[in-house]
Amino acid sequence: MRVWQAAVLVAVVPVACTPVGVASPVSPPIEVVRPREEPRPVEPRVEPTRSPSPVRSFAEVRGLWVVRSTMTSEEEVRRMVLDAAAAGFNTLIVQVRGRGDAFYRSDLEPRAETVQGPPDFDPLATAIREGHLRGMAVHAWVNTHLVWGPATLPVSPRHLVNEHPEWLAVPQHLARELIHVDPRAPSFVGALRQYAADRPETLEGIYTSPSHPEVRARMLAVWVDLASRYDLDGIHFDYIRFPSRDFDYSRGALERFQAWVTPRIPGARLNDLQRLVASDPLAFAIGLPTEWDEFRREQITSLVRDIYTQVKALRPEAVVSAAVVADVQTAYGHRFQDWQSWLADGILDVAVPMAYTPNDGTFGTQVRAAREAAGSRERVWAGIGAYMNTVAGTLDKIDLARAADAGGVVLFSYDWAVSEGGDASDPFLEHVGRERFGF
(Lines give C-alpha, C1' and ligand atoms only; values in the text may rest on other atoms or scores of the structure.)
Protein backbone atom coordinates (compact mmCIF):
# COMPACT_ATOMS: atom_id res chain seq x y z
CA MET A 1 0.00 0.00 0.00
CA ARG A 2 3.02 2.24 -0.10
CA VAL A 3 2.87 5.12 -2.58
CA TRP A 4 5.19 7.94 -3.56
CA GLN A 5 3.41 10.86 -5.13
CA ALA A 6 5.00 13.56 -7.18
CA ALA A 7 4.04 16.47 -4.95
CA VAL A 8 3.65 14.85 -1.57
CA LEU A 9 6.43 13.75 0.77
CA VAL A 10 5.29 10.60 2.50
CA ALA A 11 6.76 9.55 5.82
CA VAL A 12 8.32 6.17 6.68
CA VAL A 13 6.40 3.90 9.03
CA PRO A 14 7.54 0.44 10.11
CA VAL A 15 4.53 -1.63 9.07
CA ALA A 16 3.61 -3.59 6.00
CA CYS A 17 2.25 -2.00 2.84
CA THR A 18 2.47 1.51 4.16
CA PRO A 19 3.48 4.62 2.23
CA VAL A 20 7.10 5.63 2.75
CA GLY A 21 7.51 9.13 1.45
CA VAL A 22 -5.96 -5.14 2.68
CA ALA A 23 -13.28 -21.63 10.12
CA SER A 24 -13.82 -23.05 6.76
CA PRO A 25 -12.51 -26.49 5.90
CA VAL A 26 -9.55 -26.62 3.58
CA SER A 27 -10.52 -27.48 0.05
CA PRO A 28 -8.49 -29.69 -2.25
CA PRO A 29 -5.66 -27.84 -4.01
CA ILE A 30 -6.79 -25.72 -6.92
CA GLU A 31 -5.27 -26.75 -10.20
CA VAL A 32 -3.54 -23.75 -11.69
CA VAL A 33 -3.93 -23.62 -15.45
CA ARG A 34 -0.84 -22.08 -16.99
CA PRO A 35 -1.63 -20.07 -20.08
CA ARG A 36 0.69 -20.13 -23.06
CA GLU A 37 3.24 -17.35 -23.32
CA GLU A 38 1.82 -15.47 -26.28
CA PRO A 39 0.20 -12.07 -26.86
CA ARG A 40 -3.21 -11.73 -25.21
CA PRO A 41 -6.24 -11.28 -27.44
CA VAL A 42 -8.21 -8.10 -26.92
CA GLU A 43 -10.85 -8.74 -24.26
CA PRO A 44 -14.45 -7.66 -24.88
CA ARG A 45 -15.51 -4.56 -22.99
CA VAL A 46 -17.41 -5.34 -19.79
CA GLU A 47 -20.60 -3.41 -19.22
CA PRO A 48 -20.11 -1.11 -16.21
CA THR A 49 -21.55 -2.14 -12.87
CA ARG A 50 -22.35 1.22 -11.36
CA SER A 51 -23.30 0.19 -7.84
CA PRO A 52 -22.10 -2.91 -6.01
CA SER A 53 -24.76 -4.77 -4.00
CA PRO A 54 -22.94 -6.12 -0.96
CA VAL A 55 -24.56 -8.38 1.59
CA ARG A 56 -23.77 -5.93 4.38
CA SER A 57 -24.55 -2.47 3.08
CA PHE A 58 -23.90 0.76 4.96
CA ALA A 59 -24.99 4.31 4.30
CA GLU A 60 -21.38 5.21 5.08
CA VAL A 61 -18.51 2.75 5.03
CA ARG A 62 -16.34 3.31 8.12
CA GLY A 63 -13.37 1.11 7.45
CA LEU A 64 -9.99 0.12 8.79
CA TRP A 65 -7.08 -1.45 7.00
CA VAL A 66 -5.74 -4.15 9.31
CA VAL A 67 -2.09 -4.99 8.64
CA ARG A 68 -0.88 -8.59 8.89
CA SER A 69 1.02 -7.85 12.13
CA THR A 70 -2.37 -8.06 13.86
CA MET A 71 -3.39 -11.26 12.03
CA THR A 72 -0.96 -13.47 13.92
CA SER A 73 -2.93 -14.86 16.88
CA GLU A 74 -6.52 -15.47 17.86
CA GLU A 75 -6.19 -13.05 20.76
CA GLU A 76 -4.94 -10.26 18.53
CA VAL A 77 -7.68 -10.81 15.95
CA ARG A 78 -10.43 -10.84 18.57
CA ARG A 79 -9.10 -7.70 20.21
CA MET A 80 -8.96 -5.94 16.87
CA VAL A 81 -12.59 -6.70 16.08
CA LEU A 82 -13.72 -5.56 19.53
CA ASP A 83 -11.72 -2.33 19.29
CA ALA A 84 -13.10 -1.52 15.85
CA ALA A 85 -16.69 -2.31 16.75
CA ALA A 86 -16.54 -0.29 19.97
CA ALA A 87 -15.40 2.76 18.00
CA GLY A 88 -18.18 2.50 15.43
CA PHE A 89 -16.25 1.09 12.47
CA ASN A 90 -18.35 -1.19 10.27
CA THR A 91 -15.83 -2.52 7.73
CA LEU A 92 -12.57 -4.41 8.22
CA ILE A 93 -10.07 -4.87 5.39
CA VAL A 94 -7.74 -7.52 6.78
CA GLN A 95 -4.42 -8.38 5.16
CA VAL A 96 -4.38 -12.07 4.25
CA ARG A 97 -1.69 -12.16 1.56
CA GLY A 98 1.10 -9.97 2.82
CA ARG A 99 4.27 -11.01 1.04
CA GLY A 100 3.43 -14.03 -1.08
CA ASP A 101 2.28 -15.88 2.05
CA ALA A 102 -1.03 -16.73 3.71
CA PHE A 103 -2.76 -15.47 6.83
CA TYR A 104 -5.51 -17.99 6.13
CA ARG A 105 -5.60 -21.69 5.32
CA SER A 106 -4.14 -22.03 1.85
CA ASP A 107 -3.02 -24.92 -0.30
CA LEU A 108 -1.45 -22.49 -2.75
CA GLU A 109 0.98 -20.50 -0.63
CA PRO A 110 2.87 -21.11 2.62
CA ARG A 111 1.51 -20.14 6.01
CA ALA A 112 3.00 -16.80 7.03
CA GLU A 113 6.03 -17.17 9.27
CA THR A 114 4.59 -14.83 11.93
CA VAL A 115 1.31 -16.69 12.48
CA GLN A 116 1.19 -18.14 15.99
CA GLY A 117 -0.91 -20.85 17.58
CA PRO A 118 -1.95 -24.34 16.49
CA PRO A 119 -1.78 -25.42 12.85
CA ASP A 120 -5.55 -25.21 12.52
CA PHE A 121 -5.68 -21.53 13.56
CA ASP A 122 -7.12 -19.53 10.69
CA PRO A 123 -6.72 -15.74 11.14
CA LEU A 124 -9.12 -14.88 8.32
CA ALA A 125 -11.85 -17.26 9.48
CA THR A 126 -11.57 -15.81 12.99
CA ALA A 127 -11.88 -12.24 11.72
CA ILE A 128 -14.91 -13.15 9.62
CA ARG A 129 -16.64 -14.96 12.48
CA GLU A 130 -16.01 -12.23 15.04
CA GLY A 131 -16.76 -9.40 12.63
CA HIS A 132 -20.00 -10.86 11.32
CA LEU A 133 -21.22 -11.50 14.85
CA ARG A 134 -21.06 -7.73 15.32
CA GLY A 135 -22.63 -6.83 11.97
CA MET A 136 -19.34 -5.80 10.40
CA ALA A 137 -18.27 -6.40 6.81
CA VAL A 138 -14.97 -8.25 6.39
CA HIS A 139 -12.87 -7.95 3.23
CA ALA A 140 -9.73 -9.94 2.43
CA TRP A 141 -6.81 -7.65 1.55
CA VAL A 142 -4.55 -9.28 -1.05
CA ASN A 143 -1.17 -7.87 -1.99
CA THR A 144 -0.61 -8.66 -5.65
CA HIS A 145 2.92 -8.08 -6.93
CA LEU A 146 4.93 -7.20 -3.82
CA VAL A 147 6.00 -10.60 -2.52
CA TRP A 148 8.88 -10.01 -0.12
CA GLY A 149 10.78 -7.24 1.60
CA PRO A 150 14.46 -6.36 1.23
CA ALA A 151 15.37 -8.67 4.10
CA THR A 152 16.40 -12.27 4.75
CA LEU A 153 14.70 -14.48 2.20
CA PRO A 154 11.66 -16.60 3.13
CA VAL A 155 12.19 -19.77 5.12
CA SER A 156 9.65 -21.91 3.29
CA PRO A 157 10.91 -23.62 0.13
CA ARG A 158 7.32 -23.29 -1.14
CA HIS A 159 7.45 -19.51 -1.07
CA LEU A 160 7.45 -18.31 -4.67
CA VAL A 161 10.65 -16.27 -4.16
CA ASN A 162 12.40 -19.57 -3.42
CA GLU A 163 10.39 -21.89 -5.63
CA HIS A 164 9.88 -19.66 -8.65
CA PRO A 165 12.56 -16.96 -8.87
CA GLU A 166 11.91 -16.88 -12.61
CA TRP A 167 8.60 -15.15 -11.76
CA LEU A 168 10.33 -12.08 -10.32
CA ALA A 169 10.48 -8.59 -11.80
CA VAL A 170 13.82 -7.04 -12.71
CA PRO A 171 14.71 -3.32 -12.72
CA GLN A 172 16.25 -1.76 -15.81
CA HIS A 173 19.41 -1.05 -13.86
CA LEU A 174 20.05 -4.80 -13.44
CA ALA A 175 18.52 -6.05 -16.70
CA ARG A 176 21.64 -6.42 -18.79
CA GLU A 177 23.54 -7.91 -15.86
CA LEU A 178 20.88 -10.54 -15.10
CA ILE A 179 19.59 -11.31 -18.59
CA HIS A 180 21.72 -14.45 -18.91
CA VAL A 181 21.84 -15.40 -15.21
CA ASP A 182 19.89 -18.49 -14.20
CA PRO A 183 17.13 -17.24 -11.86
CA ARG A 184 17.85 -20.20 -9.58
CA ALA A 185 21.40 -19.04 -9.03
CA PRO A 186 21.69 -17.34 -5.60
CA SER A 187 23.15 -14.26 -7.27
CA PHE A 188 19.88 -13.58 -9.13
CA VAL A 189 17.53 -13.14 -6.16
CA GLY A 190 20.42 -11.73 -4.16
CA ALA A 191 20.81 -8.90 -6.66
CA LEU A 192 17.09 -8.10 -6.55
CA ARG A 193 17.07 -8.10 -2.76
CA GLN A 194 20.13 -5.86 -2.55
CA TYR A 195 18.71 -3.47 -5.14
CA ALA A 196 15.63 -2.97 -2.96
CA ALA A 197 17.67 -2.75 0.24
CA ASP A 198 19.73 0.06 -1.28
CA ARG A 199 16.57 2.05 -2.11
CA PRO A 200 14.33 1.94 0.98
CA GLU A 201 12.80 5.33 0.19
CA THR A 202 11.56 4.29 -3.25
CA LEU A 203 11.20 0.50 -3.33
CA GLU A 204 9.40 -1.73 -0.86
CA GLY A 205 11.02 -5.03 -1.79
CA ILE A 206 10.84 -7.83 -4.35
CA TYR A 207 8.02 -7.87 -6.91
CA THR A 208 6.67 -10.42 -9.34
CA SER A 209 6.56 -9.84 -13.08
CA PRO A 210 3.05 -8.64 -14.02
CA SER A 211 3.29 -10.14 -17.52
CA HIS A 212 4.41 -13.62 -16.45
CA PRO A 213 1.56 -16.06 -17.22
CA GLU A 214 2.21 -18.19 -14.14
CA VAL A 215 2.18 -15.14 -11.86
CA ARG A 216 -1.18 -14.21 -13.32
CA ALA A 217 -2.47 -17.77 -12.90
CA ARG A 218 -1.32 -17.82 -9.27
CA MET A 219 -3.10 -14.56 -8.46
CA LEU A 220 -6.30 -15.69 -10.12
CA ALA A 221 -6.15 -18.96 -8.17
CA VAL A 222 -5.64 -17.10 -4.87
CA TRP A 223 -8.72 -14.94 -5.46
CA VAL A 224 -10.86 -17.87 -6.58
CA ASP A 225 -9.76 -19.85 -3.53
CA LEU A 226 -10.71 -17.02 -1.16
CA ALA A 227 -14.03 -16.33 -2.89
CA SER A 228 -14.92 -20.04 -2.95
CA ARG A 229 -14.11 -20.99 0.64
CA TYR A 230 -14.72 -17.94 2.84
CA ASP A 231 -17.87 -15.99 3.69
CA LEU A 232 -16.27 -12.72 2.67
CA ASP A 233 -18.02 -9.45 1.99
CA GLY A 234 -15.35 -8.56 -0.53
CA ILE A 235 -11.76 -8.94 -1.70
CA HIS A 236 -9.37 -6.02 -1.93
CA PHE A 237 -6.48 -5.51 -4.36
CA ASP A 238 -3.28 -3.90 -3.17
CA TYR A 239 0.03 -3.48 -5.00
CA ILE A 240 -1.88 -4.05 -8.20
CA ARG A 241 0.68 -1.93 -10.01
CA PHE A 242 4.33 -1.77 -11.04
CA PRO A 243 6.75 -0.58 -8.37
CA SER A 244 7.98 2.17 -10.73
CA ARG A 245 8.81 2.91 -14.33
CA ASP A 246 12.12 1.12 -13.73
CA PHE A 247 10.37 -2.29 -13.90
CA ASP A 248 9.88 -4.92 -15.40
CA TYR A 249 12.92 -5.65 -17.55
CA SER A 250 13.14 -9.36 -16.84
CA ARG A 251 14.11 -11.55 -19.78
CA GLY A 252 10.62 -13.04 -20.02
CA ALA A 253 8.92 -9.64 -19.94
CA LEU A 254 11.17 -8.30 -22.71
CA GLU A 255 10.47 -11.36 -24.85
CA ARG A 256 6.72 -11.13 -24.23
CA PHE A 257 6.75 -7.44 -25.17
CA GLN A 258 8.63 -8.16 -28.39
CA ALA A 259 6.02 -10.77 -29.35
CA TRP A 260 3.16 -8.42 -28.38
CA VAL A 261 4.47 -5.41 -30.28
CA THR A 262 5.76 -7.12 -33.45
CA PRO A 263 2.38 -7.07 -35.28
CA ARG A 264 1.88 -3.43 -34.29
CA ILE A 265 4.91 -1.78 -35.92
CA PRO A 266 5.95 -1.20 -39.56
CA GLY A 267 8.26 -3.71 -41.17
CA ALA A 268 11.21 -1.37 -41.61
CA ARG A 269 11.15 -0.32 -37.97
CA LEU A 270 10.78 -3.94 -36.93
CA ASN A 271 13.81 -4.95 -38.95
CA ASP A 272 15.89 -2.21 -37.34
CA LEU A 273 14.91 -3.28 -33.83
CA GLN A 274 15.51 -6.95 -34.56
CA ARG A 275 19.07 -6.11 -35.61
CA LEU A 276 19.60 -4.03 -32.45
CA VAL A 277 18.16 -6.60 -30.05
CA ALA A 278 20.88 -9.07 -31.02
CA SER A 279 23.36 -6.87 -29.15
CA ASP A 280 21.01 -5.11 -26.68
CA PRO A 281 18.12 -7.12 -25.18
CA LEU A 282 16.41 -3.85 -24.16
CA ALA A 283 16.26 -2.50 -27.72
CA PHE A 284 12.51 -2.95 -28.20
CA ALA A 285 11.60 -1.46 -24.80
CA ILE A 286 13.91 1.53 -25.25
CA GLY A 287 13.08 2.06 -28.92
CA LEU A 288 9.30 1.90 -28.45
CA PRO A 289 8.60 3.79 -25.21
CA THR A 290 4.91 4.49 -25.92
CA GLU A 291 4.17 0.88 -26.79
CA TRP A 292 6.25 -0.34 -23.84
CA ASP A 293 4.12 1.74 -21.46
CA GLU A 294 0.94 0.50 -23.11
CA PHE A 295 2.07 -3.10 -22.76
CA ARG A 296 2.89 -2.69 -19.06
CA ARG A 297 -0.39 -0.93 -18.37
CA GLU A 298 -2.33 -3.69 -20.11
CA GLN A 299 -0.72 -6.36 -17.92
CA ILE A 300 -2.24 -4.75 -14.82
CA THR A 301 -5.63 -3.97 -16.33
CA SER A 302 -6.10 -7.39 -17.90
CA LEU A 303 -5.37 -9.15 -14.60
CA VAL A 304 -7.95 -6.98 -12.83
CA ARG A 305 -10.43 -7.83 -15.58
CA ASP A 306 -9.76 -11.57 -15.41
CA ILE A 307 -10.02 -11.71 -11.62
CA TYR A 308 -13.14 -9.54 -11.49
CA THR A 309 -14.92 -11.68 -14.08
CA GLN A 310 -14.21 -14.96 -12.30
CA VAL A 311 -14.94 -13.70 -8.78
CA LYS A 312 -18.25 -12.20 -9.88
CA ALA A 313 -19.21 -15.46 -11.56
CA LEU A 314 -18.69 -17.19 -8.21
CA ARG A 315 -19.92 -14.48 -5.84
CA PRO A 316 -21.87 -11.67 -7.54
CA GLU A 317 -22.49 -9.99 -4.19
CA ALA A 318 -18.80 -9.82 -3.21
CA VAL A 319 -17.34 -6.32 -3.48
CA VAL A 320 -14.14 -6.14 -5.52
CA SER A 321 -12.18 -3.10 -4.40
CA ALA A 322 -8.65 -1.76 -4.81
CA ALA A 323 -6.30 0.50 -2.93
CA VAL A 324 -5.11 2.83 -5.69
CA VAL A 325 -2.52 5.56 -6.09
CA ALA A 326 -4.54 8.70 -5.43
CA ASP A 327 -2.68 10.95 -7.88
CA VAL A 328 -4.09 9.92 -11.25
CA GLN A 329 -1.07 10.97 -13.32
CA THR A 330 1.32 9.08 -11.06
CA ALA A 331 -0.92 6.02 -11.09
CA TYR A 332 -1.32 5.98 -14.87
CA GLY A 333 2.11 7.08 -16.01
CA HIS A 334 4.46 5.69 -13.37
CA ARG A 335 2.71 2.68 -11.81
CA PHE A 336 0.74 1.66 -14.94
CA GLN A 337 -2.40 1.52 -12.81
CA ASP A 338 -5.28 2.85 -14.92
CA TRP A 339 -7.87 2.65 -12.17
CA GLN A 340 -10.16 5.25 -13.68
CA SER A 341 -10.74 2.96 -16.67
CA TRP A 342 -11.36 0.03 -14.31
CA LEU A 343 -14.26 1.96 -12.83
CA ALA A 344 -15.52 3.13 -16.22
CA ASP A 345 -15.33 -0.37 -17.71
CA GLY A 346 -17.06 -2.01 -14.76
CA ILE A 347 -14.17 -4.27 -13.73
CA LEU A 348 -13.82 -2.72 -10.27
CA ASP A 349 -16.64 -2.07 -7.83
CA VAL A 350 -14.90 0.34 -5.46
CA ALA A 351 -11.74 2.45 -5.71
CA VAL A 352 -10.04 3.41 -2.45
CA PRO A 353 -7.63 6.24 -3.29
CA MET A 354 -4.72 6.27 -0.86
CA ALA A 355 -4.90 10.01 -0.27
CA TYR A 356 -2.18 9.83 2.36
CA THR A 357 -1.27 13.39 3.20
CA PRO A 358 -1.61 15.80 6.11
CA ASN A 359 -2.54 18.52 3.61
CA ASP A 360 -6.28 19.15 3.49
CA GLY A 361 -6.14 20.76 0.04
CA THR A 362 -4.31 17.83 -1.55
CA PHE A 363 -6.59 15.33 0.17
CA GLY A 364 -9.76 17.11 -0.94
CA THR A 365 -8.57 17.40 -4.55
CA GLN A 366 -7.70 13.72 -4.78
CA VAL A 367 -10.94 12.50 -3.21
CA ARG A 368 -13.06 14.76 -5.40
CA ALA A 369 -11.27 13.46 -8.51
CA ALA A 370 -11.93 9.87 -7.43
CA ARG A 371 -15.57 10.67 -6.69
CA GLU A 372 -15.99 12.11 -10.18
CA ALA A 373 -14.37 9.05 -11.76
CA ALA A 374 -16.51 6.69 -9.68
CA GLY A 375 -19.79 8.05 -11.01
CA SER A 376 -21.66 7.23 -7.79
CA ARG A 377 -20.73 7.62 -4.16
CA GLU A 378 -20.90 3.89 -3.38
CA ARG A 379 -17.93 3.28 -5.66
CA VAL A 380 -15.35 5.35 -3.81
CA TRP A 381 -14.09 5.15 -0.24
CA ALA A 382 -11.54 7.74 0.78
CA GLY A 383 -8.28 6.28 2.11
CA ILE A 384 -6.96 8.36 5.01
CA GLY A 385 -3.35 8.05 6.17
CA ALA A 386 -4.10 8.40 9.86
CA TYR A 387 -0.45 7.77 10.67
CA MET A 388 0.44 11.03 8.91
CA ASN A 389 -2.16 13.04 10.77
CA THR A 390 -3.03 13.97 14.32
CA VAL A 391 -6.42 12.90 15.59
CA ALA A 392 -7.67 16.35 14.67
CA GLY A 393 -6.19 16.00 11.17
CA THR A 394 -7.91 12.64 10.72
CA LEU A 395 -11.24 14.10 11.80
CA ASP A 396 -10.78 16.91 9.26
CA LYS A 397 -10.14 14.35 6.51
CA ILE A 398 -13.35 12.51 7.39
CA ASP A 399 -15.24 15.80 7.07
CA LEU A 400 -13.61 16.47 3.69
CA ALA A 401 -14.50 12.98 2.43
CA ARG A 402 -18.08 13.56 3.45
CA ALA A 403 -18.10 16.96 1.76
CA ALA A 404 -16.87 15.27 -1.44
CA ASP A 405 -19.79 12.80 -1.17
CA ALA A 406 -17.54 9.75 -0.91
CA GLY A 407 -19.30 6.55 0.08
CA GLY A 408 -17.07 6.11 3.10
CA VAL A 409 -13.62 6.32 4.58
CA VAL A 410 -10.90 3.76 5.32
CA LEU A 411 -8.18 4.60 7.84
CA PHE A 412 -4.62 3.35 7.54
CA SER A 413 -4.22 1.64 9.81
CA TYR A 414 -5.72 -0.12 12.82
CA ASP A 415 -2.27 -1.31 13.84
CA TRP A 416 -0.78 2.18 13.91
CA ALA A 417 -3.80 3.63 15.71
CA VAL A 418 -3.56 1.20 18.64
CA SER A 419 0.23 1.27 18.93
CA GLU A 420 1.42 4.77 18.12
CA GLY A 421 -1.66 6.88 17.56
CA GLY A 422 -3.35 9.16 20.04
CA ASP A 423 -3.10 9.26 23.80
CA ALA A 424 -3.34 6.33 26.20
CA SER A 425 -5.99 8.23 28.16
CA ASP A 426 -8.01 8.86 24.98
CA PRO A 427 -7.29 6.12 22.39
CA PHE A 428 -7.19 7.18 18.76
CA LEU A 429 -10.01 4.95 17.50
CA GLU A 430 -12.27 5.80 20.41
CA HIS A 431 -11.70 9.50 19.80
CA VAL A 432 -12.58 9.17 16.11
CA GLY A 433 -15.64 7.07 16.91
CA ARG A 434 -16.91 9.52 19.51
CA GLU A 435 -16.34 12.65 17.42
CA ARG A 436 -17.45 11.44 13.96
CA PHE A 437 -19.38 8.20 14.27
CA GLY A 438 -21.49 8.96 17.36
CA PHE A 439 -20.00 6.14 19.44
# chains A, B, ... in the order shown; residues from 1 in each chain; ligands from 1
>>> select_by_dssp(residues="segment 107-236 of chain A", states="helix (DSSP H, G or I)", output="ChimeraX atom specification")
/A:123-133,160-163,165-167,172-178,186-197,213-229
>>> residues_around(residues="Met136 of chain A", least_positions_apart="5", cutoff="6 Å", atoms="only C-alpha atoms", output="number ranges by chain")
A: 90-91, 131
>>> select_by_dssp(residues="segment 266-393 of chain A", states="strand (DSSP E or B)", output="list in words")
Val319, Val320, Ser321, Ala322, Ala323, Val324, Val325, Val350, Ala351, Val352, Pro353, Met354, Ala355, Val380, Trp381, Ala382, Gly383, Ile384 and Gly385 of chain A
>>> closest_residue(among="A:Val352, A:Ile398, A:Leu276, A:Ala369", to="Gly383 of chain A", atoms="only C-alpha atoms")
A:Val352
>>> closest_residue(among="A:Val189, A:Ile240, A:Ile235, A:Ala137", to="Arg297 of chain A", atoms="only C-alpha atoms")
A:Ile240
>>> residues_around(residues="Leu192 of chain A", least_positions_apart="3", cutoff="8 Å", atoms="only C-alpha atoms", output="list of chain:residue names")
A:Val170, A:Phe188, A:Val189, A:Tyr195, A:Ala196, A:Ile206
>>> write_last_selection(atoms="N, CA and C atoms", output="mmCIF file, in the first residue's frame")
data_model
loop_
_atom_site.group_PDB
_atom_site.id
_atom_site.type_symbol
_atom_site.label_atom_id
_atom_site.label_comp_id
_atom_site.auth_asym_id
_atom_site.auth_seq_id
_atom_site.Cartn_x
_atom_site.Cartn_y
_atom_site.Cartn_z
ATOM 1 N N VAL A 170 12.438 -7.520 -12.692
ATOM 2 C CA VAL A 170 13.824 -7.035 -12.709
ATOM 3 C C VAL A 170 13.830 -5.555 -13.076
ATOM 4 N N PHE A 188 21.015 -14.240 -8.464
ATOM 5 C CA PHE A 188 19.879 -13.585 -9.127
ATOM 6 C C PHE A 188 18.971 -12.915 -8.094
ATOM 7 N N VAL A 189 18.402 -13.712 -7.187
ATOM 8 C CA VAL A 189 17.533 -13.137 -6.156
ATOM 9 C C VAL A 189 18.334 -12.224 -5.237
ATOM 10 N N TYR A 195 19.182 -4.662 -4.433
ATOM 11 C CA TYR A 195 18.708 -3.474 -5.143
ATOM 12 C C TYR A 195 17.622 -2.776 -4.333
ATOM 13 N N ALA A 196 16.685 -3.556 -3.787
ATOM 14 C CA ALA A 196 15.628 -2.974 -2.962
ATOM 15 C C ALA A 196 16.181 -2.439 -1.648
ATOM 16 N N ILE A 206 10.799 -7.008 -3.140
ATOM 17 C CA ILE A 206 10.842 -7.828 -4.346
ATOM 18 C C ILE A 206 9.431 -7.978 -4.913
#
>>> closest_residue(among="A:Asp238, A:Glu317, A:Glu60, A:Asp246", to="Asp349 of chain A", atoms="only C-alpha atoms")
A:Glu317
>>> closest_residue(among="A:Asp231, A:Glu372, A:Asp360, A:Glu294", to="Leu400 of chain A", atoms="only C-alpha atoms")
A:Asp360
>>> residues_around(residues="Tyr230 of chain A", least_positions_apart="2", cutoff="12 Å", atoms="only C-alpha atoms", output="PyMOL selection string")
chain A and resi 23-27+96+104-106+122-129+138-140+222-228+232-235+314-315+318
>>> residues_around(residues="Asp426 of chain A", least_positions_apart="5", cutoff="12 Å", atoms="only C-alpha atoms", output="PyMOL selection string")
chain A and resi 87+391+417-418+421+431-435
>>> closest_residue(among="A:Ala403, A:Leu108, A:Met354, A:Leu254", to="Ala331 of chain A", atoms="only C-alpha atoms")
A:Met354
>>> closest_residue(among="A:Gln274, A:Thr262, A:Thr330, A:Ser321", to="Ile93 of chain A", atoms="only C-alpha atoms")
A:Ser321
>>> atom_distance(atom1="atom CA of His236 of chain A", atom2="atom CA of Gly361 of chain A")
27.0 Å
>>> residues_around(residues="Ala112 of chain A", least_positions_apart="2", cutoff="7 Å", atoms="only C-alpha atoms", output="ChimeraX atom specification")
/A:101-103,110,114-115
>>> atom_distance(atom1="atom CA of Gln172 of chain A", atom2="atom CA of Ile307 of chain A")
28.4 Å
>>> residues_around(residues="Gln95 of chain A", least_positions_apart="2", cutoff="6 Å", atoms="only C-alpha atoms", output="list in words")
Val22, Val67, Arg68, Arg97 and Trp141 of chain A
